[in-house]
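Listing of coords.csv, CSV, C-alpha atoms
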```csv
chain,number,residue,atom,x,y,z
A,1,MET,CA,0.0,0.0,0.0
A,2,SER,CA,1.3,3.4,-0.9
A,3,LEU,CA,0.2,5.0,2.3
A,4,LEU,CA,2.3,2.6,4.3
A,5,ARG,CA,5.2,3.0,1.9
A,6,PHE,CA,5.0,6.8,2.4
A,7,PHE,CA,5.8,6.5,6.1
A,8,ARG,CA,8.2,3.6,6.0
A,9,PRO,CA,11.9,4.3,6.5
A,10,ARG,CA,13.8,4.1,3.2
A,11,THR,CA,15.9,0.9,2.7
A,12,PRO,CA,19.3,1.4,1.0
A,13,PRO,CA,19.2,0.9,-2.8
A,14,SER,CA,20.1,-2.6,-3.9
A,15,ALA,CA,20.6,-2.0,-7.6
A,16,PRO,CA,24.3,-0.7,-7.2
A,17,LEU,CA,25.2,-4.0,-5.5
A,18,ALA,CA,23.5,-6.0,-8.4
A,19,LYS,CA,25.6,-4.1,-10.9
A,20,GLU,CA,28.8,-4.6,-8.9
A,21,ARG,CA,28.2,-8.3,-8.5
A,22,LEU,CA,27.3,-8.8,-12.2
A,23,THR,CA,30.4,-6.8,-13.3
A,24,VAL,CA,32.7,-9.0,-11.2
A,25,LEU,CA,31.0,-12.2,-12.2
A,26,LEU,CA,30.9,-11.5,-15.9
A,27,THR,CA,34.5,-10.4,-16.2
A,28,HIS,CA,35.4,-13.8,-14.8
A,29,GLU,CA,32.9,-15.7,-16.9
A,30,ARG,CA,33.9,-14.0,-20.2
A,31,ALA,CA,37.6,-14.8,-19.5
A,32,ALA,CA,36.7,-18.5,-18.7
A,33,ARG,CA,34.6,-18.7,-21.9
A,34,ASN,CA,37.7,-18.2,-24.1
A,35,GLN,CA,39.9,-20.5,-22.2
A,36,PRO,CA,41.1,-23.8,-23.6
A,37,GLU,CA,39.4,-26.8,-22.1
A,38,TYR,CA,42.6,-28.3,-20.8
A,39,LEU,CA,43.2,-25.4,-18.4
A,40,PRO,CA,41.6,-26.9,-15.2
A,41,ARG,CA,43.5,-30.2,-15.8
A,42,LEU,CA,46.8,-28.4,-16.4
A,43,ARG,CA,46.3,-26.4,-13.2
A,44,ARG,CA,45.6,-29.6,-11.1
A,45,GLU,CA,48.6,-31.4,-12.5
A,46,ILE,CA,50.9,-28.5,-11.8
A,47,LEU,CA,49.6,-28.4,-8.3
A,48,GLU,CA,50.4,-32.1,-8.0
A,49,VAL,CA,54.0,-31.7,-9.3
A,50,ILE,CA,54.8,-28.8,-7.0
A,51,GLY,CA,53.1,-30.7,-4.1
A,52,LYS,CA,55.9,-33.3,-4.4
A,53,TYR,CA,58.4,-30.7,-3.2
A,54,VAL,CA,56.5,-28.3,-1.0
A,55,HIS,CA,53.1,-28.3,0.5
A,56,LEU,CA,50.9,-25.9,-1.4
A,57,ASP,CA,47.4,-24.9,-0.7
A,58,ASP,CA,44.9,-25.1,-3.6
A,59,ASP,CA,44.4,-21.3,-3.7
A,60,LYS,CA,48.1,-20.5,-3.9
A,61,ILE,CA,48.2,-21.3,-7.6
A,62,ARG,CA,46.5,-19.0,-10.1
A,63,VAL,CA,46.3,-19.8,-13.9
A,64,HIS,CA,45.5,-16.9,-16.1
A,65,TYR,CA,44.9,-17.3,-19.8
A,66,GLU,CA,44.7,-14.4,-22.3
A,67,SER,CA,44.4,-14.4,-26.0
A,68,HIS,CA,45.3,-11.5,-28.1
A,69,GLY,CA,44.9,-12.1,-31.8
A,70,THR,CA,47.6,-14.5,-32.9
A,71,VAL,CA,49.3,-14.9,-29.5
A,72,ALA,CA,47.9,-16.4,-26.4
A,73,LYS,CA,49.5,-15.9,-23.0
A,74,LEU,CA,49.4,-18.3,-20.1
A,75,GLU,CA,50.3,-16.9,-16.8
A,76,LEU,CA,51.0,-19.0,-13.8
A,77,ASP,CA,51.2,-17.3,-10.4
A,78,ILE,CA,52.4,-19.7,-7.7
A,79,GLU,CA,52.8,-18.5,-4.2
A,80,LEU,CA,55.3,-20.6,-2.4
A,81,PRO,CA,55.5,-20.7,1.4
A,82,ASN,CA,58.6,-18.9,2.7
A,83,GLN,CA,61.1,-21.3,4.4
A,84,SER,CA,60.9,-19.4,7.7
A,85,GLY,CA,57.1,-19.6,7.3
A,86,SER,CA,56.6,-15.8,7.7
A,87,VAL,CA,56.2,-13.9,4.5
A,88,ALA,CA,55.1,-15.6,1.3
A,89,VAL,CA,57.2,-14.6,-1.8
A,90,PRO,CA,55.2,-14.9,-5.0
A,91,ARG,CA,57.1,-16.3,-7.9
A,92,GLN,CA,55.9,-16.0,-11.4
A,93,ALA,CA,56.4,-18.1,-14.4
A,94,ARG,CA,55.2,-17.0,-17.8
A,95,MET,CA,55.0,-18.8,-21.1
A,96,ALA,CA,53.8,-17.6,-24.4
A,97,GLN,CA,52.6,-19.7,-27.2
A,98,PRO,CA,50.8,-19.2,-30.5
A,99,ALA,CA,47.0,-19.0,-30.1
A,100,ALA,CA,45.2,-22.3,-30.5
A,101,SER,CA,43.0,-21.1,-33.3
B,1,MET,CA,17.4,-9.6,-49.5
B,2,ALA,CA,15.4,-11.3,-46.7
B,3,LYS,CA,16.8,-10.9,-43.2
B,4,VAL,CA,16.7,-13.5,-40.5
B,5,ILE,CA,16.2,-12.2,-36.9
B,6,VAL,CA,16.5,-14.3,-33.8
B,7,ILE,CA,14.7,-13.3,-30.6
B,8,THR,CA,16.7,-14.8,-27.8
B,9,SER,CA,17.6,-14.4,-24.2
B,10,GLY,CA,19.1,-17.5,-22.6
B,11,LYS,CA,16.8,-17.2,-19.6
B,12,GLY,CA,13.2,-18.3,-19.8
B,13,GLY,CA,10.2,-16.1,-18.9
B,14,VAL,CA,11.8,-12.8,-19.8
B,15,GLY,CA,9.3,-12.1,-22.7
B,16,LYS,CA,10.8,-13.7,-25.8
B,17,THR,CA,7.6,-14.9,-27.3
B,18,THR,CA,5.7,-11.7,-26.5
B,19,SER,CA,8.6,-9.8,-28.0
B,20,ALA,CA,8.7,-12.1,-31.1
B,21,ALA,CA,5.0,-11.6,-31.6
B,22,ALA,CA,5.2,-7.9,-31.1
B,23,PHE,CA,8.3,-7.4,-33.3
B,24,ALA,CA,6.8,-9.5,-36.1
B,25,ALA,CA,3.5,-7.7,-36.0
B,26,GLY,CA,5.3,-4.4,-35.8
B,27,LEU,CA,7.4,-5.1,-38.9
B,28,ALA,CA,4.3,-6.3,-40.7
B,29,LEU,CA,2.3,-3.2,-39.7
B,30,LYS,CA,5.1,-1.1,-41.3
B,31,GLY,CA,4.4,-3.0,-44.5
B,32,HIS,CA,7.2,-5.6,-44.5
B,33,LYS,CA,6.3,-9.1,-45.4
B,34,THR,CA,7.1,-10.9,-42.2
B,35,VAL,CA,7.0,-14.5,-40.9
B,36,VAL,CA,7.6,-15.6,-37.3
B,37,ILE,CA,8.7,-19.1,-36.6
B,38,ASP,CA,8.3,-20.9,-33.2
B,39,PHE,CA,11.5,-22.8,-32.4
B,40,ASP,CA,10.3,-24.1,-29.0
B,41,VAL,CA,9.6,-27.7,-30.1
B,42,GLY,CA,7.4,-29.5,-27.6
B,43,LEU,CA,6.2,-26.3,-26.0
B,44,ARG,CA,4.2,-24.6,-28.7
B,45,ASN,CA,3.0,-21.1,-27.5
B,46,LEU,CA,3.5,-18.5,-30.2
B,47,ASP,CA,0.3,-19.5,-31.9
B,48,LEU,CA,-1.6,-18.9,-28.6
B,49,VAL,CA,0.0,-15.5,-28.1
B,50,MET,CA,-0.7,-14.6,-31.7
B,51,GLY,CA,-4.3,-15.8,-31.4
B,52,CYS,CA,-4.2,-18.5,-34.2
B,53,GLU,CA,-4.1,-21.6,-32.0
B,54,ARG,CA,-7.2,-23.1,-33.6
B,55,ARG,CA,-5.9,-22.7,-37.1
B,56,VAL,CA,-2.8,-24.9,-36.6
B,57,VAL,CA,-3.0,-28.0,-39.0
B,58,TYR,CA,0.6,-28.6,-40.0
B,59,ASP,CA,3.7,-27.4,-38.3
B,60,PHE,CA,7.4,-26.6,-38.7
B,61,ILE,CA,8.5,-30.2,-38.1
B,62,ASN,CA,6.0,-31.5,-40.6
B,63,VAL,CA,7.5,-29.2,-43.2
B,64,ILE,CA,11.1,-30.3,-42.2
B,65,ASN,CA,10.1,-34.0,-42.5
B,66,GLY,CA,8.4,-33.4,-45.8
B,67,ASP,CA,5.0,-34.4,-44.4
B,68,ALA,CA,3.5,-31.1,-45.4
B,69,LYS,CA,4.3,-28.2,-47.8
B,70,LEU,CA,5.4,-24.9,-46.4
B,71,SER,CA,2.3,-23.2,-47.8
B,72,GLN,CA,0.1,-25.7,-45.8
B,73,ALA,CA,1.8,-25.0,-42.5
B,74,LEU,CA,2.0,-21.2,-42.8
B,75,ILE,CA,-0.8,-19.4,-41.1
B,76,ARG,CA,-1.7,-16.0,-42.6
B,77,ASP,CA,-2.7,-13.5,-39.9
B,78,LYS,CA,-6.3,-12.4,-40.3
B,79,ARG,CA,-5.6,-8.9,-39.0
B,80,ILE,CA,-2.4,-8.0,-40.8
B,81,ASP,CA,-2.1,-9.3,-44.3
B,82,THR,CA,1.7,-9.0,-44.4
B,83,LEU,CA,2.1,-11.3,-41.4
B,84,ALA,CA,2.4,-15.1,-41.2
B,85,ILE,CA,3.1,-17.6,-38.5
B,86,LEU,CA,4.9,-21.0,-38.7
B,87,PRO,CA,3.9,-22.8,-35.5
B,88,THR,CA,6.1,-25.5,-33.9
B,89,SER,CA,5.3,-29.1,-33.2
B,90,GLN,CA,4.1,-30.5,-29.9
B,91,THR,CA,6.4,-33.6,-30.3
B,92,ARG,CA,8.6,-34.7,-27.5
B,93,ASP,CA,11.3,-35.8,-29.9
B,94,LYS,CA,14.2,-33.5,-29.2
B,95,ASP,CA,16.0,-34.4,-32.4
B,96,ALA,CA,13.0,-33.3,-34.6
B,97,LEU,CA,14.9,-30.1,-35.6
B,98,THR,CA,17.8,-30.6,-37.9
B,99,LYS,CA,20.2,-28.0,-39.1
B,100,GLU,CA,19.6,-29.0,-42.8
B,101,GLY,CA,15.9,-29.0,-42.4
B,102,VAL,CA,15.9,-25.6,-40.7
B,103,GLU,CA,18.1,-24.2,-43.4
B,104,ARG,CA,15.9,-25.5,-46.2
B,105,VAL,CA,12.7,-24.0,-44.6
B,106,ILE,CA,14.5,-20.6,-44.0
B,107,ASP,CA,15.8,-20.6,-47.5
B,108,ASP,CA,12.3,-21.2,-48.9
B,109,LEU,CA,10.8,-18.5,-46.7
B,110,LYS,CA,13.4,-16.0,-47.9
B,111,GLU,CA,11.7,-16.3,-51.4
B,112,ASP,CA,8.5,-14.8,-50.1
B,113,PHE,CA,9.3,-12.7,-47.0
B,114,ASP,CA,11.4,-9.7,-46.1
B,115,TYR,CA,11.9,-10.6,-42.5
B,116,ILE,CA,12.0,-14.1,-40.9
B,117,ILE,CA,11.7,-13.9,-37.1
B,118,CYS,CA,12.9,-16.9,-35.1
B,119,ASP,CA,11.4,-17.2,-31.7
B,120,SER,CA,14.0,-19.0,-29.7
B,121,PRO,CA,13.3,-21.4,-26.8
B,122,ALA,CA,15.1,-20.7,-23.5
B,123,GLY,CA,18.4,-22.3,-22.6
B,124,ILE,CA,21.4,-23.0,-24.8
B,125,GLU,CA,20.4,-26.4,-26.1
B,126,ARG,CA,19.7,-27.6,-29.6
B,127,GLY,CA,16.5,-25.6,-30.3
B,128,ALA,CA,18.0,-22.3,-29.1
B,129,LEU,CA,21.2,-23.0,-31.0
B,130,LEU,CA,19.3,-23.7,-34.2
B,131,ALA,CA,17.1,-20.6,-33.7
B,132,LEU,CA,20.1,-18.4,-33.7
B,133,TYR,CA,22.4,-20.3,-36.1
B,134,PHE,CA,21.1,-18.8,-39.4
B,135,SER,CA,20.5,-15.3,-38.0
B,136,ASP,CA,21.7,-12.0,-39.5
B,137,GLU,CA,20.5,-10.0,-36.6
B,138,ALA,CA,19.7,-10.8,-33.0
B,139,VAL,CA,17.3,-9.2,-30.5
B,140,ILE,CA,18.4,-10.1,-27.0
B,141,VAL,CA,15.5,-9.8,-24.6
B,142,THR,CA,16.8,-8.9,-21.1
B,143,ASN,CA,15.0,-8.0,-17.9
B,144,PRO,CA,16.8,-5.6,-15.5
B,145,GLU,CA,17.5,-8.4,-13.1
B,146,VAL,CA,20.8,-10.2,-12.3
B,147,SER,CA,20.1,-13.7,-13.7
B,148,SER,CA,18.6,-12.4,-16.9
B,149,VAL,CA,21.6,-10.1,-17.6
B,150,ARG,CA,24.0,-12.9,-16.9
B,151,ASP,CA,22.2,-15.3,-19.3
B,152,SER,CA,22.0,-12.6,-21.9
B,153,ASP,CA,25.8,-12.2,-21.7
B,154,ARG,CA,26.1,-15.9,-22.1
B,155,ILE,CA,23.9,-16.0,-25.2
B,156,ILE,CA,25.8,-13.1,-26.7
B,157,GLY,CA,28.9,-15.2,-26.4
B,158,VAL,CA,27.1,-18.1,-28.1
B,159,LEU,CA,26.1,-15.8,-31.0
B,160,GLN,CA,29.6,-14.6,-31.4
B,161,SER,CA,31.1,-18.1,-31.5
B,162,ARG,CA,28.5,-20.6,-32.7
B,163,SER,CA,26.3,-18.8,-35.2
B,164,ARG,CA,26.8,-19.6,-38.9
B,165,ARG,CA,28.2,-16.1,-39.4
B,166,ALA,CA,30.8,-16.8,-36.7
B,167,GLU,CA,31.6,-20.2,-38.0
B,168,GLU,CA,32.1,-19.1,-41.6
B,169,GLY,CA,34.0,-15.9,-40.6
B,170,LEU,CA,31.3,-13.6,-42.1
B,171,GLU,CA,30.3,-10.2,-40.8
B,172,PRO,CA,29.1,-10.9,-37.2
B,173,VAL,CA,25.4,-11.1,-36.2
B,174,ARG,CA,24.2,-7.6,-35.4
B,175,GLU,CA,23.0,-7.5,-31.8
B,176,HIS,CA,20.3,-5.4,-30.3
B,177,LEU,CA,19.3,-5.2,-26.7
B,178,LEU,CA,15.6,-5.1,-25.9
B,179,LEU,CA,15.2,-4.3,-22.2
B,180,ALA,CA,11.8,-5.6,-21.2
B,181,ARG,CA,9.7,-5.4,-18.0
B,182,TYR,CA,11.4,-2.1,-17.1
B,183,ASP,CA,9.8,-0.5,-14.0
B,184,SER,CA,11.0,3.1,-13.9
B,185,GLU,CA,9.4,3.6,-10.4
B,186,ARG,CA,11.6,0.8,-9.0
B,187,VAL,CA,14.6,2.1,-10.9
B,188,ALA,CA,14.0,5.5,-9.3
B,189,ARG,CA,14.0,3.9,-5.9
B,190,GLY,CA,17.2,2.1,-6.6
B,191,GLU,CA,15.6,-1.3,-6.5
B,192,MET,CA,16.2,-2.2,-10.1
B,193,LEU,CA,19.1,-2.0,-12.5
B,194,LYS,CA,19.0,1.2,-14.6
B,195,VAL,CA,19.1,1.1,-18.4
B,196,GLU,CA,22.6,2.5,-18.3
B,197,ASP,CA,23.7,-0.2,-15.9
B,198,VAL,CA,22.6,-3.0,-18.2
B,199,LEU,CA,24.2,-1.2,-21.2
B,200,ASP,CA,27.5,-0.8,-19.3
B,201,ILE,CA,27.5,-4.5,-18.5
B,202,LEU,CA,26.3,-6.0,-21.8
B,203,ALA,CA,27.8,-3.4,-24.1
B,204,ILE,CA,25.5,-3.9,-27.1
B,205,PRO,CA,23.3,-1.2,-28.7
B,206,LEU,CA,19.9,-0.6,-27.2
B,207,VAL,CA,16.9,-1.1,-29.6
B,208,GLY,CA,14.1,-0.5,-27.0
B,209,ILE,CA,12.9,-0.3,-23.5
B,210,ILE,CA,9.6,-2.0,-22.8
B,211,PRO,CA,7.9,-0.8,-19.6
B,212,GLU,CA,6.4,-3.3,-17.2
B,213,SER,CA,2.8,-3.1,-18.4
B,214,GLN,CA,-0.5,-4.7,-17.5
B,215,SER,CA,-1.5,-4.6,-21.2
B,216,VAL,CA,1.0,-7.4,-22.0
B,217,LEU,CA,-1.0,-9.9,-20.0
B,218,LYS,CA,-4.3,-8.5,-21.4
B,219,SER,CA,-3.0,-8.9,-24.9
B,220,SER,CA,-1.9,-12.5,-24.5
B,221,ASN,CA,-5.3,-13.3,-22.9
B,222,VAL,CA,-7.0,-12.3,-26.1
B,223,GLY,CA,-4.3,-13.5,-28.5
B,224,LEU,CA,-3.5,-10.0,-29.9
B,225,PRO,CA,0.1,-8.9,-30.4
B,226,VAL,CA,0.6,-6.0,-28.0
B,227,VAL,CA,1.5,-3.6,-30.7
B,228,MET,CA,-2.1,-3.8,-32.0
B,229,ASP,CA,-3.4,-2.3,-28.7
B,230,PRO,CA,-3.1,1.4,-29.3
B,231,SER,CA,-3.6,2.3,-25.7
B,232,SER,CA,-0.7,0.1,-24.5
B,233,ALA,CA,2.5,1.7,-23.4
B,234,ALA,CA,4.3,-1.6,-24.0
B,235,GLY,CA,2.8,-1.7,-27.5
B,236,LYS,CA,4.1,1.8,-28.3
B,237,ALA,CA,7.5,0.9,-26.9
B,238,TYR,CA,7.6,-2.1,-29.2
B,239,MET,CA,6.6,0.0,-32.2
B,240,ASP,CA,9.4,2.4,-31.3
B,241,ALA,CA,11.9,-0.5,-31.1
B,242,VAL,CA,10.8,-1.7,-34.5
B,243,GLY,CA,11.3,1.8,-35.9
B,244,ARG,CA,14.8,2.0,-34.5
B,245,PHE,CA,15.5,-1.5,-35.8
B,246,LEU,CA,14.6,-0.2,-39.2
B,247,GLY,CA,17.0,2.7,-38.8
B,248,GLU,CA,14.7,5.5,-37.7
B,249,THR,CA,15.8,7.8,-35.0
B,250,ILE,CA,13.3,7.7,-32.1
B,251,GLU,CA,13.9,8.9,-28.6
B,252,HIS,CA,13.4,6.4,-25.8
B,253,ARG,CA,10.2,6.8,-23.8
B,254,PHE,CA,9.1,5.3,-20.5
B,255,VAL,CA,12.5,5.7,-18.9
B,256,LYS,CA,11.4,8.1,-16.2
B,257,PRO,CA,8.5,7.6,-13.9
B,258,GLU,CA,5.4,9.6,-14.7
B,259,ARG,CA,4.9,12.5,-12.4
B,260,ARG,CA,2.0,12.1,-10.0
B,261,GLY,CA,0.3,14.5,-7.8
B,262,LEU,CA,0.3,13.9,-4.0
B,263,PHE,CA,-3.3,12.6,-4.1
B,264,GLN,CA,-2.5,10.1,-6.8
B,265,ARG,CA,0.6,9.0,-5.0
B,266,LEU,CA,-1.3,8.3,-1.9
B,267,LEU,CA,-4.0,6.3,-3.7
B,268,TRP,CA,-1.8,4.5,-6.2
B,269,ARG,CA,-1.4,0.8,-5.9
B,270,THR,CA,0.9,-1.5,-7.8
B,271,ALA,CA,-1.6,-4.3,-8.1
```

Structure translated into structure tokens:
Amino acid sequence: MSLLRFFRPRTPPSAPLAKERLTVLLTHERAARNQPEYLPRLRREILEVIGKYVHLDDDKIRVHYESHGTVAKLELDIELPNQSGSVAVPRQARMAQPAAS
Amino acid sequence: MAKVIVITSGKGGVGKTTSAAAFAAGLALKGHKTVVIDFDVGLRNLDLVMGCERRVVYDFINVINGDAKLSQALIRDKRIDTLAILPTSQTRDKDALTKEGVERVIDDLKEDFDYIICDSPAGIERGALLALYFSDEAVIVTNPEVSSVRDSDRIIGVLQSRSRRAEEGLEPVREHLLLARYDSERVARGEMLKVEDVLDILAIPLVGIIPESQSVLKSSNVGLPVVMDPSSAAGKAYMDAVGRFLGETIEHRFVKPERRGLFQRLLWRTA
């Protein structure tokens, strides 16, 4: 009822949050859409190999794939635990390859 | 040269069939020979929305299978003489649609019509993929709501990678955003995504904003495309969208809430 609405305290607008959530989600989904299908498997296997030498949590390895025209870039970001166990030093490995298509 | 237009959305219930009926009727009212095909095999509904459900004898699948001629399956609209409907089948056979069959029917329709409107089913399965496959242009029906926007983004990705134009490396399918069920009152209160928000996110050109309107239900109740109801705001908005689609410059209406006096505001109900 309009009369009730007229006197009700205003709730904060929810639309900005909808936009923000969508923007974050779709950036992620669009990137994933263009990824080669082997990427999740590759990520898992890399995690297994590194796991033989140091203990690594699942969220410490990030695989990022980008395709620009004729060249595709695969970026691995692996965060190894510091020997002393205090500060983690990220180490990056990059490899470039011609795009699949 | 005849143009194939797909009306699609990914998500169900956003107003694809209403929009397909309105768009087809709008193009036909402007004098273009238009046919609208229902691709939702198993869930025939376009005939009902268009008010010709009792005239269905043969359907799209009968024509594909060679059980009927195209001229036998086409239903000529009794109100607009440039409009025809090709209803879908009620079969449960999911493989009834074939790419070759659809291509043959569309090629035959191109002989007689200026515009071929493909009313896509929801989802990204076979029916939806075939509805968009042969398209030259796409109208993406989106509601200002998170799941609809997300699914529209997904279907835009499908258009850009799995349509015939994409596969054959031709000029890409031209995309048009049709923002339906827009409630400017709720937008003004910050409860609903704004036009600009949806445009920022989807980044395709806007062909029309259809206001949330009671006349849409009323029109489907009586089987009349909403553009034929001269009193309907949604009908006017659809006609504007058709005009823009045809290249006319028309300012967007129904974006701002109507101004109401205090008395009206106190008495106004949403129901």

Please identify every residue of chain B that has at least one atom no more than 6 Å from any atom of chain A, counting all atoms listed in the file, and report them as a short mmCIF file (atom, residue, chain, number, x, y, z; two decimals) with C-alpha atoms, keeping the file's coordinate frame.
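Result file follows (out-v1.cif):
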```cif
data_model
loop_
_atom_site.label_atom_id
_atom_site.label_comp_id
_atom_site.auth_asym_id
_atom_site.auth_seq_id
_atom_site.Cartn_x
_atom_site.Cartn_y
_atom_site.Cartn_z
CA GLY B 190 17.20 2.10 -6.60
CA GLU B 191 15.60 -1.30 -6.50
CA MET B 192 16.20 -2.20 -10.10
CA LEU B 193 19.10 -2.00 -12.50
CA LEU B 266 -1.30 8.30 -1.90
#
```

If we count only C-alpha atoms and set the cut-off at 9 Å, which residues sit around region 39-54 of chain B, ignoring sequence neighbours fewer than 5 positions away in its own chain? Please answer as number ranges by chain. B: 17-18, 20-22, 60-61, 75, 77-78, 85-94, 96-97, 118-122, 127-128, 130-131, 219-225

Centre, edges in Å (one decimal): axis-aligned box, region 29-46 of chain A, 5 Å padding on all six sides, as lines of an AutoDock Vina configuration file:
```
center_x = 41.9
center_y = -22.7
center_z = -17.6
size_x = 28.0
size_y = 27.4
size_z = 23.0
```

Suppose you want the space between CA of Glu168 (chain B) and CA of Arg126 (chain B); what is it in Å?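 These two atoms are separated by 19.2 Å.
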
Up to 7 Å from (48.1, -15.7, -18.9) in the file's coordinates: name the residues, counting only C-alpha atoms, as a PDB file with C-alpha atoms, in the frame of the given file.
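Below is the file part02.pdb, written as the result:
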```pdb
ATOM      1  CA  VAL A  63      46.300 -19.800 -13.900  1.00  0.00           C
ATOM      2  CA  HIS A  64      45.500 -16.900 -16.100  1.00  0.00           C
ATOM      3  CA  TYR A  65      44.900 -17.300 -19.800  1.00  0.00           C
ATOM      4  CA  GLU A  66      44.700 -14.400 -22.300  1.00  0.00           C
ATOM      5  CA  LYS A  73      49.500 -15.900 -23.000  1.00  0.00           C
ATOM      6  CA  LEU A  74      49.400 -18.300 -20.100  1.00  0.00           C
ATOM      7  CA  GLU A  75      50.300 -16.900 -16.800  1.00  0.00           C
ATOM      8  CA  LEU A  76      51.000 -19.000 -13.800  1.00  0.00           C
TER       9      LEU A  76
END
```

Using all atoms listed in the file, which of B:Ile155, B:Asn143, B:Ser163, B:Ile250 sits nearest Pro211 (chain B)?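 Under the stated criterion, the closest residue is B:Asn143.
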
One-decimal distance in Å that lies between CA of Ser147 (chain B) and CA of Lys3 (chain B): 29.8 Å

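When only C-alpha atoms are used to compute distances to Tyr115 (chain B), the closest of the residues B:Gly169, B:Gly157, B:Gly31, B:Gly66 turns out to be B:Gly31.
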
For region 47-57 of chain A: contacts at 9 Å, all atoms listed in the file, fewer than 2 positions along chain excluded, given as a compact mmCIF listing (two decimals) with C-alpha atoms, in the frame of the given file:
```txt
# COMPACT_ATOMS: atom_id res chain seq x y z
CA LEU A 42 46.80 -28.40 -16.40
CA ARG A 43 46.30 -26.40 -13.20
CA ARG A 44 45.60 -29.60 -11.10
CA GLU A 45 48.60 -31.40 -12.50
CA ASP A 59 44.40 -21.30 -3.70
CA LYS A 60 48.10 -20.50 -3.90
CA ILE A 61 48.20 -21.30 -7.60
CA ILE A 78 52.40 -19.70 -7.70
CA GLU A 79 52.80 -18.50 -4.20
CA LEU A 80 55.30 -20.60 -2.40
CA PRO A 81 55.50 -20.70 1.40
```

Rank nothing, just name the residue among B:Phe23, B:Tyr238, B:Phe254, B:Tyr182 nearest to Thr142 (chain B), using only C-alpha atoms. B:Tyr182

Report as an mmCIF file with C-alpha atoms, in the coordinates of the input all protein, DNA and RNA residues lying within 8 Å of Ile204 (chain B), evaluated on all atoms listed in the file, omitting residues in the same chain fewer than 5 positions from it.
```
data_model
loop_
_atom_site.group_PDB
_atom_site.id
_atom_site.type_symbol
_atom_site.label_atom_id
_atom_site.label_comp_id
_atom_site.auth_asym_id
_atom_site.auth_seq_id
_atom_site.Cartn_x
_atom_site.Cartn_y
_atom_site.Cartn_z
ATOM 1 C CA GLU B 175 23.000 -7.500 -31.800
ATOM 2 C CA HIS B 176 20.300 -5.400 -30.300
ATOM 3 C CA LEU B 177 19.300 -5.200 -26.700
ATOM 4 C CA LEU B 199 24.200 -1.200 -21.200
#
```

Could N, CA, C and O atoms be built for region 65-75 of chain A and written out as a JSON list (two decimals), in the frame of the given file?
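Final output, saved to part_24.json:
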```json
[["chain", "number", "residue", "atom", "x", "y", "z"],
["A", 65, "TYR", "N", 44.75, -17.10, -18.39],
["A", 65, "TYR", "CA", 44.90, -17.30, -19.80],
["A", 65, "TYR", "C", 44.38, -16.06, -20.54],
["A", 65, "TYR", "O", 43.29, -15.58, -20.25],
["A", 66, "GLU", "N", 45.16, -15.55, -21.47],
["A", 66, "GLU", "CA", 44.70, -14.40, -22.30],
["A", 66, "GLU", "C", 45.04, -14.64, -23.70],
["A", 66, "GLU", "O", 46.10, -15.15, -24.02],
["A", 67, "SER", "N", 44.12, -14.26, -24.56],
["A", 67, "SER", "CA", 44.40, -14.40, -26.00],
["A", 67, "SER", "C", 44.27, -13.09, -26.68],
["A", 67, "SER", "O", 43.28, -12.38, -26.55],
["A", 68, "HIS", "N", 45.35, -12.72, -27.38],
["A", 68, "HIS", "CA", 45.30, -11.50, -28.10],
["A", 68, "HIS", "C", 45.65, -11.76, -29.58],
["A", 68, "HIS", "O", 46.81, -11.90, -29.95],
["A", 69, "GLY", "N", 44.65, -11.88, -30.38],
["A", 69, "GLY", "CA", 44.90, -12.10, -31.80],
["A", 69, "GLY", "C", 45.61, -13.40, -32.08],
["A", 69, "GLY", "O", 45.09, -14.48, -31.86],
["A", 70, "THR", "N", 46.87, -13.27, -32.51],
["A", 70, "THR", "CA", 47.60, -14.50, -32.90],
["A", 70, "THR", "C", 48.37, -15.11, -31.76],
["A", 70, "THR", "O", 48.87, -16.21, -31.88],
["A", 71, "VAL", "N", 48.49, -14.40, -30.65],
["A", 71, "VAL", "CA", 49.30, -14.90, -29.50],
["A", 71, "VAL", "C", 48.40, -15.11, -28.30],
["A", 71, "VAL", "O", 47.55, -14.28, -28.00],
["A", 72, "ALA", "N", 48.61, -16.22, -27.63],
["A", 72, "ALA", "CA", 47.90, -16.40, -26.40],
["A", 72, "ALA", "C", 48.94, -16.50, -25.25],
["A", 72, "ALA", "O", 50.05, -17.00, -25.43],
["A", 73, "LYS", "N", 48.58, -15.94, -24.11],
["A", 73, "LYS", "CA", 49.50, -15.90, -23.00],
["A", 73, "LYS", "C", 48.96, -16.70, -21.83],
["A", 73, "LYS", "O", 47.80, -16.55, -21.46],
["A", 74, "LEU", "N", 49.79, -17.56, -21.32],
["A", 74, "LEU", "CA", 49.40, -18.30, -20.10],
["A", 74, "LEU", "C", 50.26, -17.88, -18.98],
["A", 74, "LEU", "O", 51.49, -17.91, -19.05],
["A", 75, "GLU", "N", 49.62, -17.43, -17.94],
["A", 75, "GLU", "CA", 50.30, -16.90, -16.80],
["A", 75, "GLU", "C", 50.10, -17.75, -15.59],
["A", 75, "GLU", "O", 48.95, -18.00, -15.22]]
```
